[in-house]
file structure06.txt (compact mmCIF, C-alpha atoms)
# COMPACT_ATOMS: atom_id res chain seq x y z
CA MET A 600 66.21 110.19 37.48
CA ASN A 601 68.90 108.02 39.00
CA ASN A 602 67.47 106.31 42.05
CA ALA A 603 70.42 107.13 44.31
CA VAL A 604 70.18 110.81 43.47
CA ARG A 605 66.46 110.70 44.15
CA MET A 606 66.98 109.10 47.57
CA ILE A 607 69.47 111.77 48.53
CA LEU A 608 67.26 114.57 47.22
CA VAL A 609 64.15 113.35 49.06
CA LEU A 610 66.02 113.00 52.34
CA ILE A 611 67.57 116.47 51.97
CA ILE A 612 64.21 118.05 51.22
CA VAL A 613 62.51 116.27 54.13
CA GLY A 614 65.38 117.34 56.40
CA ILE A 615 65.16 120.99 55.34
CA PHE A 616 61.37 121.01 55.71
CA SER A 617 61.58 119.37 59.14
CA GLY A 618 64.31 121.79 60.24
CA GLY A 619 62.17 124.75 59.20
CA VAL A 620 59.19 123.47 61.18
CA LEU A 621 61.35 122.87 64.25
CA VAL A 622 62.87 126.35 64.10
CA SER A 623 59.47 128.03 64.02
CA VAL A 624 58.10 125.85 66.84
CA HIS A 625 61.19 126.60 68.89
CA ASN A 626 60.78 130.35 68.32
CA TYR A 627 57.13 130.18 69.31
CA ALA A 628 57.49 127.93 72.35
CA ASN A 629 60.76 128.94 73.96
CA PRO A 630 59.69 132.34 75.39
CA LEU A 631 56.55 130.69 76.77
CA ILE A 632 58.54 127.86 78.33
CA ALA A 633 60.95 130.34 79.92
CA ASP A 634 57.98 132.31 81.29
CA ASN A 635 56.49 129.15 82.77
CA GLU A 636 59.72 128.23 84.49
CA ASP A 637 60.09 131.75 85.80
CA LYS A 638 56.57 131.74 87.18
CA ALA A 639 57.02 128.30 88.76
CA LEU A 640 60.19 129.51 90.51
CA LYS A 641 58.48 132.68 91.77
CA ASP A 642 55.50 130.74 93.11
CA ALA A 643 57.83 128.32 94.86
CA VAL A 644 60.01 131.01 96.44
CA TYR A 645 57.02 132.98 97.76
CA LYS A 646 55.55 129.77 99.14
CA VAL A 647 58.58 128.96 101.27
CA LEU A 648 59.23 132.63 102.13
CA PRO A 649 55.72 133.93 102.77
CA ASP A 650 56.91 137.19 104.36
CA ALA A 651 59.00 138.12 101.32
CA LYS A 652 57.66 140.78 98.99
CA ASN A 653 60.50 140.55 96.54
CA PHE A 654 63.51 138.35 95.91
CA ARG A 655 66.71 138.37 93.95
CA LYS A 656 68.99 135.64 92.76
CA ILE A 657 72.45 135.62 94.27
CA THR A 658 75.33 133.29 93.54
CA LYS A 659 78.00 132.79 96.13
CA ASN A 660 80.90 130.39 95.71
CA GLY A 661 78.93 128.35 93.22
CA ILE A 662 75.74 128.16 95.28
CA THR A 663 72.57 129.79 93.99
CA LEU A 664 70.32 131.36 96.61
CA TYR A 665 67.15 133.39 96.29
CA GLU A 666 67.40 136.21 98.79
CA GLY A 667 63.92 137.19 100.00
CA LEU A 668 63.32 140.84 100.92
CA ASN A 669 60.39 142.33 102.81
CA LYS A 670 58.66 145.68 102.16
CA ARG A 671 61.46 147.64 103.84
CA GLY A 672 64.11 145.83 101.84
CA GLU A 673 65.38 143.75 104.76
CA VAL A 674 66.53 140.21 104.16
CA VAL A 675 63.93 137.79 105.53
CA GLY A 676 65.64 134.60 104.47
CA TYR A 677 67.22 132.60 101.70
CA ALA A 678 65.36 130.17 99.50
CA PHE A 679 67.40 127.41 97.92
CA LYS A 680 66.86 124.38 95.73
CA ALA A 681 67.98 120.98 96.89
CA GLY A 682 67.76 117.67 95.16
CA GLY A 683 68.92 114.12 95.53
CA PHE A 684 67.93 110.50 95.29
CA GLY A 685 64.85 109.31 97.16
CA TYR A 686 63.32 105.84 97.32
CA GLN A 687 62.36 105.54 93.65
CA GLY A 688 63.81 108.56 91.91
CA GLU A 689 64.97 112.10 92.17
CA ILE A 690 63.41 114.29 94.88
CA GLU A 691 63.58 117.96 94.02
CA MET A 692 62.77 120.50 96.71
CA ILE A 693 62.88 124.16 97.46
CA ALA A 694 63.36 125.29 101.05
CA ALA A 695 64.01 128.53 102.85
CA ILE A 696 66.24 129.32 105.79
CA ASP A 697 66.35 132.42 108.01
CA PRO A 698 69.17 134.98 107.50
CA ASP A 699 71.11 133.62 110.54
CA LEU A 700 70.98 130.09 109.07
CA LYS A 701 69.42 128.79 112.27
CA GLU A 702 66.00 127.58 111.28
CA LEU A 703 64.03 126.61 108.21
CA LYS A 704 61.11 128.74 107.14
CA GLY A 705 59.46 126.24 104.86
CA MET A 706 59.90 123.39 102.42
CA GLU A 707 58.08 122.49 99.20
CA VAL A 708 58.57 119.46 96.99
CA LEU A 709 58.91 120.48 93.35
CA GLY A 710 59.18 117.03 91.89
CA SER A 711 59.35 113.46 93.18
CA SER A 712 58.38 109.94 92.22
CA GLU A 713 58.00 108.35 95.64
CA THR A 714 55.49 105.54 96.24
CA PRO A 715 51.93 106.89 96.16
CA GLY A 716 50.26 106.59 99.53
CA LEU A 717 53.57 106.11 101.36
CA GLY A 718 56.65 108.10 100.33
CA ALA A 719 54.51 110.53 98.34
CA GLU A 720 53.30 111.84 101.71
CA ILE A 721 56.40 114.06 101.63
CA THR A 722 54.44 116.34 99.30
CA ASN A 723 51.52 116.68 101.75
CA GLU A 724 50.93 119.44 104.26
CA PRO A 725 51.24 117.39 107.50
CA PHE A 726 54.78 116.43 106.58
CA LYS A 727 55.84 119.75 105.06
CA LYS A 728 54.61 121.88 107.94
CA GLN A 729 57.07 120.15 110.27
CA PHE A 730 59.83 122.09 108.51
CA ARG A 731 58.40 125.50 109.33
CA GLY A 732 60.49 126.88 112.20
CA LEU A 733 62.55 123.70 112.40
CA SER A 734 65.98 124.27 113.91
CA VAL A 735 68.88 123.18 111.73
CA LEU A 736 71.38 123.24 114.60
CA PRO A 737 73.41 121.12 114.63
CA GLU A 738 71.46 119.38 111.87
CA ILE A 739 67.98 118.04 111.10
CA THR A 740 67.19 114.62 112.50
CA PHE A 741 64.13 112.40 112.38
CA THR A 742 62.48 109.96 114.70
CA LYS A 743 59.87 107.24 114.25
CA GLU A 744 58.24 108.33 117.52
CA LYS A 745 56.65 111.67 118.18
CA ALA A 746 59.14 114.46 117.44
CA THR A 747 60.33 116.22 120.59
CA GLY A 748 63.58 118.02 119.74
CA ARG A 749 63.54 121.44 118.06
CA ASN A 750 65.56 120.01 115.19
CA GLU A 751 63.56 116.82 114.91
CA ILE A 752 60.78 115.74 112.55
CA GLN A 753 58.56 112.71 112.71
CA ALA A 754 59.16 110.16 109.95
CA ILE A 755 56.30 109.07 107.70
CA THR A 756 55.00 105.66 108.75
CA GLY A 757 56.12 103.08 106.22
CA ALA A 758 58.32 105.55 104.38
CA THR A 759 61.44 105.91 106.48
CA ILE A 760 63.62 105.84 103.37
CA SER A 761 61.81 108.80 101.80
CA THR A 762 61.94 110.71 105.09
CA ARG A 763 65.63 109.97 105.50
CA ALA A 764 66.27 111.10 101.91
CA VAL A 765 64.52 114.44 102.48
CA VAL A 766 66.44 115.05 105.70
CA ARG A 767 69.75 114.00 104.16
CA ILE A 768 69.27 116.19 101.07
CA LEU A 769 68.36 119.24 103.17
CA ASN A 770 71.23 118.76 105.64
CA LYS A 771 73.73 118.41 102.82
CA GLU A 772 72.52 121.55 101.07
CA ILE A 773 72.39 123.56 104.32
CA GLY A 774 75.95 122.48 105.02
CA ARG A 775 77.04 123.74 101.62
CA ILE A 776 75.25 127.05 102.18
CA ARG A 777 76.96 127.49 105.57
CA GLU A 778 80.32 126.98 103.93
CA ALA A 779 79.52 129.32 101.06
CA LEU A 780 78.23 132.29 103.06
CA MET B 1022 35.30 99.62 52.91
CA SER B 1023 33.31 102.80 53.54
CA LEU B 1024 35.07 105.81 55.03
CA PHE B 1025 32.95 105.59 58.15
CA ARG B 1026 34.01 101.97 58.72
CA GLU B 1027 37.61 103.03 58.13
CA VAL B 1028 37.22 105.28 61.19
CA THR B 1029 35.29 102.85 63.39
CA LYS B 1030 37.61 99.89 62.79
CA GLY B 1031 40.26 101.71 64.85
CA LEU B 1032 37.80 102.16 67.67
CA TRP B 1033 36.71 98.56 67.93
CA LYS B 1034 37.61 95.79 65.46
CA GLU B 1035 41.29 96.78 65.14
CA ASN B 1036 41.66 98.79 68.34
CA PRO B 1037 45.39 99.53 68.66
CA VAL B 1038 45.54 98.68 72.38
CA PHE B 1039 42.88 96.06 73.03
CA VAL B 1040 43.22 94.08 69.78
CA MET B 1041 46.62 94.84 68.26
CA VAL B 1042 48.31 95.36 71.65
CA LEU B 1043 50.55 98.14 70.33
CA GLY B 1044 51.89 101.19 72.16
CA MET B 1045 51.97 99.41 75.52
CA CYS B 1046 54.66 101.62 77.01
CA PRO B 1047 52.62 104.87 77.27
CA THR B 1048 49.46 102.84 77.85
CA LEU B 1049 50.84 101.37 81.05
CA ALA B 1050 53.06 104.21 82.17
CA VAL B 1051 51.00 107.39 82.10
CA THR B 1052 47.46 106.21 82.82
CA THR B 1053 47.49 106.93 86.55
CA ASN B 1054 44.45 109.13 85.99
CA ALA B 1055 42.00 109.88 83.19
CA ILE B 1056 43.38 113.35 82.39
CA TYR B 1057 46.92 112.07 81.82
CA GLY B 1058 45.57 109.24 79.66
CA PHE B 1059 43.54 111.71 77.64
CA SER B 1060 46.46 114.16 77.19
CA MET B 1061 48.83 111.39 76.16
CA ALA B 1062 46.32 110.02 73.65
CA ALA B 1063 45.58 113.51 72.30
CA ALA B 1064 49.28 114.17 71.66
CA THR B 1065 49.64 110.74 70.03
CA THR B 1066 46.55 111.30 67.87
CA PHE B 1067 47.91 114.64 66.68
CA VAL B 1068 51.18 113.01 65.61
CA LEU B 1069 49.35 110.06 64.06
CA ILE B 1070 47.00 112.22 61.96
CA SER B 1071 49.69 114.69 60.85
CA SER B 1072 52.26 112.08 59.90
CA SER B 1073 49.68 109.87 58.15
CA LEU B 1074 48.56 112.87 56.08
CA VAL B 1075 52.09 113.88 55.09
CA VAL B 1076 53.11 110.31 54.30
CA SER B 1077 50.04 109.64 52.15
CA VAL B 1078 50.40 112.95 50.27
CA PHE B 1079 54.05 112.33 49.39
CA LYS B 1080 53.95 108.53 49.14
CA ARG B 1081 54.76 108.51 45.39
CA LEU B 1082 57.80 110.76 45.80
CA ILE B 1083 59.46 108.78 48.59
CA PRO B 1084 61.86 106.12 47.26
CA ASN B 1085 61.15 102.69 48.66
CA GLN B 1086 64.65 102.15 50.08
CA VAL B 1087 64.60 105.23 52.31
CA ARG B 1088 60.92 105.20 53.25
CA ILE B 1089 61.41 104.24 56.90
CA ALA B 1090 64.08 106.93 57.36
CA THR B 1091 61.78 109.49 55.78
CA TYR B 1092 58.78 108.44 57.89
CA THR B 1093 60.91 108.61 61.03
CA VAL B 1094 62.02 112.18 60.29
CA ILE B 1095 58.43 113.23 59.58
CA ILE B 1096 57.13 111.57 62.77
CA ALA B 1097 59.98 112.97 64.89
CA THR B 1098 59.20 116.48 63.64
CA PHE B 1099 55.54 116.26 64.67
CA VAL B 1100 56.48 114.69 68.01
CA THR B 1101 58.77 117.63 68.75
CA VAL B 1102 55.99 120.04 67.80
CA ALA B 1103 53.59 118.29 70.20
CA HIS B 1104 56.20 118.18 72.96
CA TYR B 1105 57.00 121.91 72.72
CA PHE B 1106 53.33 122.83 72.46
CA LEU B 1107 52.49 120.96 75.68
CA LYS B 1108 55.53 122.34 77.47
CA ALA B 1109 54.64 125.91 76.48
CA ASN B 1110 50.91 125.79 77.17
CA PHE B 1111 50.28 123.00 79.67
CA PRO B 1112 53.41 122.80 81.85
CA PRO B 1113 51.88 120.65 84.64
CA ILE B 1114 50.68 118.03 82.14
CA SER B 1115 53.97 118.16 80.26
CA LYS B 1116 55.81 117.58 83.54
CA ALA B 1117 53.54 114.70 84.53
CA LEU B 1118 53.87 112.94 81.18
CA GLY B 1119 57.63 113.40 81.37
CA PRO B 1120 59.61 111.52 78.72
CA TYR B 1121 56.54 109.77 77.29
CA VAL B 1122 55.64 112.62 74.93
CA PRO B 1123 59.08 112.65 73.22
CA LEU B 1124 58.85 108.84 73.21
CA ILE B 1125 55.78 108.97 70.92
CA VAL B 1126 58.42 108.90 68.19
CA VAL B 1127 58.98 105.19 68.86
CA ASN B 1128 55.30 104.37 69.31
CA CYS B 1129 54.73 101.49 66.91
CA ILE B 1130 51.13 102.51 66.22
CA ILE B 1131 52.37 105.56 64.32
CA LEU B 1132 55.14 104.02 62.22
CA GLY B 1133 52.85 101.00 61.81
CA ARG B 1134 50.01 103.07 60.33
CA ALA B 1135 52.42 105.03 58.11
CA GLU B 1136 53.95 101.84 56.73
CA ALA B 1137 50.87 99.61 56.63
CA PHE B 1138 48.23 102.13 55.65
CA ALA B 1139 49.16 105.71 54.76
CA SER B 1140 51.86 104.67 52.26
CA LYS B 1141 49.35 102.55 50.30
CA ASN B 1142 46.07 104.45 50.52
CA THR B 1143 44.55 107.73 49.43
CA VAL B 1144 44.86 110.85 51.55
CA ILE B 1145 41.20 110.77 52.63
CA ARG B 1146 41.37 107.09 53.63
CA SER B 1147 44.62 107.64 55.51
CA LEU B 1148 43.04 110.52 57.38
CA ALA B 1149 40.03 108.36 58.32
CA ASP B 1150 42.32 105.55 59.42
CA ALA B 1151 44.49 107.87 61.54
CA VAL B 1152 41.46 109.49 63.18
CA GLY B 1153 40.02 106.06 63.97
CA MET B 1154 43.27 104.67 65.36
CA GLY B 1155 43.81 107.84 67.38
CA LEU B 1156 40.33 107.66 68.86
CA GLY B 1157 40.78 103.97 69.57
CA PHE B 1158 44.01 104.71 71.43
CA MET B 1159 42.23 107.49 73.31
CA LEU B 1160 39.34 105.21 74.24
CA ALA B 1161 41.79 102.70 75.70
CA LEU B 1162 43.92 105.21 77.60
CA VAL B 1163 40.97 107.13 79.03
CA ALA B 1164 39.23 103.88 80.07
CA LEU B 1165 42.40 102.62 81.72
CA GLY B 1166 43.14 105.99 83.35
CA ALA B 1167 39.57 106.37 84.62
CA MET B 1168 39.55 102.84 86.04
CA ARG B 1169 42.87 103.32 87.87
CA GLU B 1170 41.90 106.78 89.12
CA LEU B 1171 38.53 105.47 90.33
CA PHE B 1172 40.01 102.65 92.39
CA ALA B 1173 43.02 104.66 93.52
CA TYR B 1174 41.28 107.86 94.62
CA GLY B 1175 37.52 107.37 94.09
CA GLU B 1176 37.66 110.02 91.40
CA ILE B 1177 37.32 110.25 87.61
CA PHE B 1178 38.81 113.25 85.76
CA GLY B 1179 39.45 114.76 89.20
CA TYR B 1180 35.76 114.66 90.20
CA THR B 1181 34.82 112.68 93.27
CA VAL B 1182 32.71 109.68 92.27
CA ILE B 1183 32.88 107.64 95.44
CA PRO B 1184 33.02 109.86 98.54
CA ASN B 1185 35.28 108.77 101.41
CA TRP B 1186 37.01 106.18 99.27
CA HIS B 1187 39.91 104.48 100.98
CA PRO B 1188 42.81 104.86 98.48
CA TRP B 1189 44.17 101.72 96.84
CA ALA B 1190 47.77 102.75 96.27
CA ILE B 1191 48.45 99.70 94.10
CA MET B 1192 46.26 101.10 91.32
CA VAL B 1193 48.65 103.99 90.64
CA LEU B 1194 51.67 101.69 90.81
CA PRO B 1195 52.87 99.67 87.80
CA ALA B 1196 51.14 96.53 89.13
CA GLY B 1197 47.80 98.35 89.01
CA ALA B 1198 48.42 99.22 85.37
CA PHE B 1199 48.89 95.55 84.42
CA ILE B 1200 45.91 94.37 86.47
CA SER B 1201 43.62 97.05 85.01
CA LEU B 1202 44.80 96.46 81.45
CA GLY B 1203 44.22 92.71 81.79
CA LEU B 1204 40.71 93.24 83.12
CA LEU B 1205 39.86 95.78 80.41
CA VAL B 1206 41.14 93.53 77.60
CA ALA B 1207 39.05 90.67 79.01
CA LEU B 1208 35.98 92.90 79.23
CA PHE B 1209 36.61 94.11 75.68
CA HIS B 1210 36.68 90.57 74.32
CA VAL B 1211 33.59 89.51 76.27
CA ILE B 1212 31.66 92.42 74.75
CA SER B 1213 33.09 91.71 71.28
CA LYS B 1214 31.91 88.08 71.46
CA LYS B 1215 28.45 89.05 72.69
CA VAL B 1216 28.12 91.56 69.85
CA LYS B 1217 29.14 88.96 67.25
CA LYS B 1218 26.43 86.54 68.41
call {"tool": "encode", "arguments": {"input": "structure06.txt", "output": "structure tokens"}}
result
Amino acid sequence: MNNAVRMILVLIIVGIFSGGVLVSVHNYANPLIADNEDKALKDAVYKVLPDAKNFRKITKNGITLYEGLNKRGEVVGYAFKAGGFGYQGEIEMIAAIDPDLKELKGMEVLGSSETPGLGAEITNEPFKKQFRGLSVLPEITFTKEKATGRNEIQAITGATISTRAVVRILNKEIGRIREAL
Amino acid sequence: MSLFREVTKGLWKENPVFVMVLGMCPTLAVTTNAIYGFSMAAATTFVLISSSLVVSVFKRLIPNQVRIATYTVIIATFVTVAHYFLKANFPPISKALGPYVPLIVVNCIILGRAEAFASKNTVIRSLADAVGMGLGFMLALVALGAMRELFAYGEIFGYTVIPNWHPWAIMVLPAGAFISLGLLVALFHVISKKVKK
């Protein structure tokens, strides 16, 4: 057989074979991957909105919110995703705010690549619990001393940039939610 | 060379990390703990074995001029399979390994073994070679991951080894990867020399 024809034939056959394998893997894995993402979102929403029994996704003016409902079907708060640049990379968070948009109900970090031992403290309980019941009026601020104001959190020692990033990302997203609702 | 030695050469004499110094990118990047090192090496081993098998089975049919293109398509297919499998069944590990699973496609150990070994040897020998190289890569990544995890958190595979360890943050940072790798390579060569004598 002519060598050029053979080259083309082999590449076509390998391509078809590879395509077939990829299609079947895609069909097998995609529902599972969607399930995983769904479950991760549910876990995250219930973590920041502990008094919610159910939630539904709402989109208002281009902003996606997860409206948490309690047993009686009353709105207990809105969970929202917020992300932005931290010290080393993207910080991705989910947080929840009360229906009057006055205080936060919780914050969880979904993904970050801050410095271990310093900025990575944003994923730990002592830092996260400061956001529970934190007033967002007029906006969240941070201090390097002990936090005194109702809208103030204490920065992580040695990781002011990570702290500032978290506060900035949340303030920006809360501002957008205020405008949208 | 006996089949058994074909396997063990990858573990020691021609270890892909400690001797050939190949695949440094995942070696340094994902070994912040032993489990990540193990998962990364397992995914790489799967791709290595599968692609070596396919390449050695079809080696006579693949025209010389397009062999690299063909190997690349074969390797990329298995890498995608591994990536989707991890994402579907082990989402936390898939998330932690990030882009390094898709990047197995450019790992030079795999194309290297396809080109240097699987395309010239029988199927059985290629299998033995791929298993050996895979295990050698795993040995290196687990050793490196365990060492960094131990000094960073006092743990190995998530189990506390040294209670009340004061964390050394540098060990999970890139600098810790280079320091640990250097020490392990030195240790490897000291042992190799002792064994030779």
call {"tool": "closest_atom_pairs", "arguments": {"input": "structure06.txt", "of": "chain A", "to": "chain B", "cutoff": "12 Å", "atoms": "only C-alpha atoms", "output": "Markdown table"}}
result
| residue | atom | partner | partner_atom | distance |
| --- | --- | --- | --- | --- |
| A:Met600 | CA | B:Pro1084 | CA | 11.5 |
| A:Asn601 | CA | B:Pro1084 | CA | 11.0 |
| A:Asn602 | CA | B:Pro1084 | CA | 7.7 |
| A:Ala603 | CA | B:Pro1084 | CA | 9.1 |
| A:Val604 | CA | B:Pro1084 | CA | 10.3 |
| A:Arg605 | CA | B:Pro1084 | CA | 7.2 |
| A:Met606 | CA | B:Pro1084 | CA | 5.9 |
| A:Ile607 | CA | B:Val1087 | CA | 9.0 |
| A:Leu608 | CA | B:Ile1083 | CA | 9.8 |
| A:Val609 | CA | B:Ile1083 | CA | 6.6 |
| A:Leu610 | CA | B:Thr1091 | CA | 6.5 |
| A:Ile611 | CA | B:Thr1091 | CA | 9.8 |
| A:Ile612 | CA | B:Thr1091 | CA | 10.0 |
| A:Val613 | CA | B:Thr1091 | CA | 7.0 |
| A:Gly614 | CA | B:Val1094 | CA | 7.3 |
| A:Ile615 | CA | B:Val1094 | CA | 10.6 |
| A:Phe616 | CA | B:Ile1095 | CA | 9.2 |
| A:Ser617 | CA | B:Thr1098 | CA | 5.9 |
| A:Gly618 | CA | B:Thr1098 | CA | 8.1 |
| A:Gly619 | CA | B:Thr1098 | CA | 9.8 |
| A:Val620 | CA | B:Thr1098 | CA | 7.4 |
| A:Leu621 | CA | B:Thr1098 | CA | 6.8 |
| A:Val622 | CA | B:Val1102 | CA | 10.0 |
| A:Ser623 | CA | B:Val1102 | CA | 9.5 |
| A:Val624 | CA | B:Val1102 | CA | 6.3 |
| A:His625 | CA | B:Tyr1105 | CA | 7.4 |
| A:Asn626 | CA | B:Tyr1105 | CA | 10.2 |
| A:Tyr627 | CA | B:Ala1109 | CA | 8.7 |
| A:Ala628 | CA | B:Ala1109 | CA | 5.4 |
| A:Asn629 | CA | B:Ala1109 | CA | 7.3 |
| A:Pro630 | CA | B:Ala1109 | CA | 8.2 |
| A:Leu631 | CA | B:Ala1109 | CA | 5.2 |
| A:Ile632 | CA | B:Ala1109 | CA | 4.7 |
| A:Ala633 | CA | B:Ala1109 | CA | 8.4 |
| A:Asp634 | CA | B:Ala1109 | CA | 8.7 |
| A:Asn635 | CA | B:Pro1112 | CA | 7.1 |
| A:Glu636 | CA | B:Pro1112 | CA | 8.7 |
| A:Asp637 | CA | B:Pro1112 | CA | 11.8 |
| A:Lys638 | CA | B:Pro1112 | CA | 10.9 |
| A:Ala639 | CA | B:Pro1112 | CA | 9.5 |
| A:Gln687 | CA | B:Leu1194 | CA | 11.7 |
| A:Leu709 | CA | B:Lys1116 | CA | 10.7 |
| A:Gly710 | CA | B:Lys1116 | CA | 9.0 |
| A:Ser711 | CA | B:Ala1117 | CA | 10.5 |
| A:Ser712 | CA | B:Ala1117 | CA | 10.3 |
| A:Glu713 | CA | B:Leu1194 | CA | 10.4 |
| A:Thr714 | CA | B:Leu1194 | CA | 7.7 |
| A:Pro715 | CA | B:Ala1190 | CA | 5.9 |
| A:Gly716 | CA | B:Ala1190 | CA | 5.6 |
| A:Leu717 | CA | B:Ala1190 | CA | 8.4 |
| A:Gly718 | CA | B:Ala1190 | CA | 11.1 |
| A:Ala719 | CA | B:Ala1190 | CA | 10.5 |
| A:Glu720 | CA | B:Ala1190 | CA | 12.0 |
call {"tool": "write_last_selection", "arguments": {"input": "structure06.txt", "atoms": "C-alpha atoms", "output": "PDB file, in the coordinates of the input"}}
result
ATOM      1  CA  MET A 600      66.210 110.190  37.480  1.00  0.00           C
ATOM      2  CA  ASN A 601      68.900 108.020  39.000  1.00  0.00           C
ATOM      3  CA  ASN A 602      67.470 106.310  42.050  1.00  0.00           C
ATOM      4  CA  ALA A 603      70.420 107.130  44.310  1.00  0.00           C
ATOM      5  CA  VAL A 604      70.180 110.810  43.470  1.00  0.00           C
ATOM      6  CA  ARG A 605      66.460 110.700  44.150  1.00  0.00           C
ATOM      7  CA  MET A 606      66.980 109.100  47.570  1.00  0.00           C
ATOM      8  CA  ILE A 607      69.470 111.770  48.530  1.00  0.00           C
ATOM      9  CA  LEU A 608      67.260 114.570  47.220  1.00  0.00           C
ATOM     10  CA  VAL A 609      64.150 113.350  49.060  1.00  0.00           C
ATOM     11  CA  LEU A 610      66.020 113.000  52.340  1.00  0.00           C
ATOM     12  CA  ILE A 611      67.570 116.470  51.970  1.00  0.00           C
ATOM     13  CA  ILE A 612      64.210 118.050  51.220  1.00  0.00           C
ATOM     14  CA  VAL A 613      62.510 116.270  54.130  1.00  0.00           C
ATOM     15  CA  GLY A 614      65.380 117.340  56.400  1.00  0.00           C
ATOM     16  CA  ILE A 615      65.160 120.990  55.340  1.00  0.00           C
ATOM     17  CA  PHE A 616      61.370 121.010  55.710  1.00  0.00           C
ATOM     18  CA  SER A 617      61.580 119.370  59.140  1.00  0.00           C
ATOM     19  CA  GLY A 618      64.310 121.790  60.240  1.00  0.00           C
ATOM     20  CA  GLY A 619      62.170 124.750  59.200  1.00  0.00           C
ATOM     21  CA  VAL A 620      59.190 123.470  61.180  1.00  0.00           C
ATOM     22  CA  LEU A 621      61.350 122.870  64.250  1.00  0.00           C
ATOM     23  CA  VAL A 622      62.870 126.350  64.100  1.00  0.00           C
ATOM     24  CA  SER A 623      59.470 128.030  64.020  1.00  0.00           C
ATOM     25  CA  VAL A 624      58.100 125.850  66.840  1.00  0.00           C
ATOM     26  CA  HIS A 625      61.190 126.600  68.890  1.00  0.00           C
ATOM     27  CA  ASN A 626      60.780 130.350  68.320  1.00  0.00           C
ATOM     28  CA  TYR A 627      57.130 130.180  69.310  1.00  0.00           C
ATOM     29  CA  ALA A 628      57.490 127.930  72.350  1.00  0.00           C
ATOM     30  CA  ASN A 629      60.760 128.940  73.960  1.00  0.00           C
ATOM     31  CA  PRO A 630      59.690 132.340  75.390  1.00  0.00           C
ATOM     32  CA  LEU A 631      56.550 130.690  76.770  1.00  0.00           C
ATOM     33  CA  ILE A 632      58.540 127.860  78.330  1.00  0.00           C
ATOM     34  CA  ALA A 633      60.950 130.340  79.920  1.00  0.00           C
ATOM     35  CA  ASP A 634      57.980 132.310  81.290  1.00  0.00           C
ATOM     36  CA  ASN A 635      56.490 129.150  82.770  1.00  0.00           C
ATOM     37  CA  GLU A 636      59.720 128.230  84.490  1.00  0.00           C
ATOM     38  CA  ASP A 637      60.090 131.750  85.800  1.00  0.00           C
ATOM     39  CA  LYS A 638      56.570 131.740  87.180  1.00  0.00           C
ATOM     40  CA  ALA A 639      57.020 128.300  88.760  1.00  0.00           C
ATOM     41  CA  GLN A 687      62.360 105.540  93.650  1.00  0.00           C
ATOM     42  CA  LEU A 709      58.910 120.480  93.350  1.00  0.00           C
ATOM     43  CA  GLY A 710      59.180 117.030  91.890  1.00  0.00           C
ATOM     44  CA  SER A 711      59.350 113.460  93.180  1.00  0.00           C
ATOM     45  CA  SER A 712      58.380 109.940  92.220  1.00  0.00           C
ATOM     46  CA  GLU A 713      58.000 108.350  95.640  1.00  0.00           C
ATOM     47  CA  THR A 714      55.490 105.540  96.240  1.00  0.00           C
ATOM     48  CA  PRO A 715      51.930 106.890  96.160  1.00  0.00           C
ATOM     49  CA  GLY A 716      50.260 106.590  99.530  1.00  0.00           C
ATOM     50  CA  LEU A 717      53.570 106.110 101.360  1.00  0.00           C
ATOM     51  CA  GLY A 718      56.650 108.100 100.330  1.00  0.00           C
ATOM     52  CA  ALA A 719      54.510 110.530  98.340  1.00  0.00           C
ATOM     53  CA  GLU A 720      53.300 111.840 101.710  1.00  0.00           C
TER      54      GLU A 720
END
call {"tool": "atom_distance", "arguments": {"input": "structure06.txt", "atom1": "CA of Trp1033 (chain B)", "atom2": "CA of Pro1195 (chain B)"}}
result
25.6 Å
call {"tool": "closest_residue", "arguments": {"input": "structure06.txt", "among": "B:Leu1156, B:Ala1196, B:Met1041, B:Val1075", "to": "Thr1029 (chain B)", "atoms": "only C-alpha atoms"}}
result
B:Leu1156
call {"tool": "residues_around", "arguments": {"input": "structure06.txt", "residues": "region 727-731 of chain A", "least_positions_apart": "5", "cutoff": "12 Å", "atoms": "only C-alpha atoms", "output": "MDAnalysis selection string"}}
result
chainID A and resid 646:649 692:697 701:708 719:722 739:741 745:755 762 765:766 769
call {"tool": "closest_residue", "arguments": {"input": "structure06.txt", "among": "B:Ile1145, B:Ile1089, B:Leu1205, B:Ala1139", "to": "Ala1167 (chain B)", "atoms": "only C-alpha atoms"}}
result
B:Leu1205
call {"tool": "atom_distance", "arguments": {"input": "structure06.txt", "atom1": "CA of Val675 (chain A)", "atom2": "CA of Pro698 (chain A)"}}
result
6.3 Å
call {"tool": "residues_around", "arguments": {"input": "structure06.txt", "residues": "Lys1030 (chain B)", "least_positions_apart": "4", "cutoff": "10 Å", "atoms": "all atoms listed in the file", "output": "ChimeraX atom specification"}}
result
/B:1025-1026,1034-1037,1149-1150,1153-1154,1157
call {"tool": "write_last_selection", "arguments": {"input": "structure06.txt", "atoms": "C-alpha atoms", "output": "tab-separated table (two decimals), keeping the file's coordinate frame"}}
result
chain	number	residue	atom	x	y	z
B	1025	PHE	CA	32.95	105.59	58.15
B	1026	ARG	CA	34.01	101.97	58.72
B	1034	LYS	CA	37.61	95.79	65.46
B	1035	GLU	CA	41.29	96.78	65.14
B	1036	ASN	CA	41.66	98.79	68.34
B	1037	PRO	CA	45.39	99.53	68.66
B	1149	ALA	CA	40.03	108.36	58.32
B	1150	ASP	CA	42.32	105.55	59.42
B	1153	GLY	CA	40.02	106.06	63.97
B	1154	MET	CA	43.27	104.67	65.36
B	1157	GLY	CA	40.78	103.97	69.57
call {"tool": "atom_distance", "arguments": {"input": "structure06.txt", "atom1": "CA of Arg1134 (chain B)", "atom2": "CA of Ile1114 (chain B)"}}
result
26.5 Å
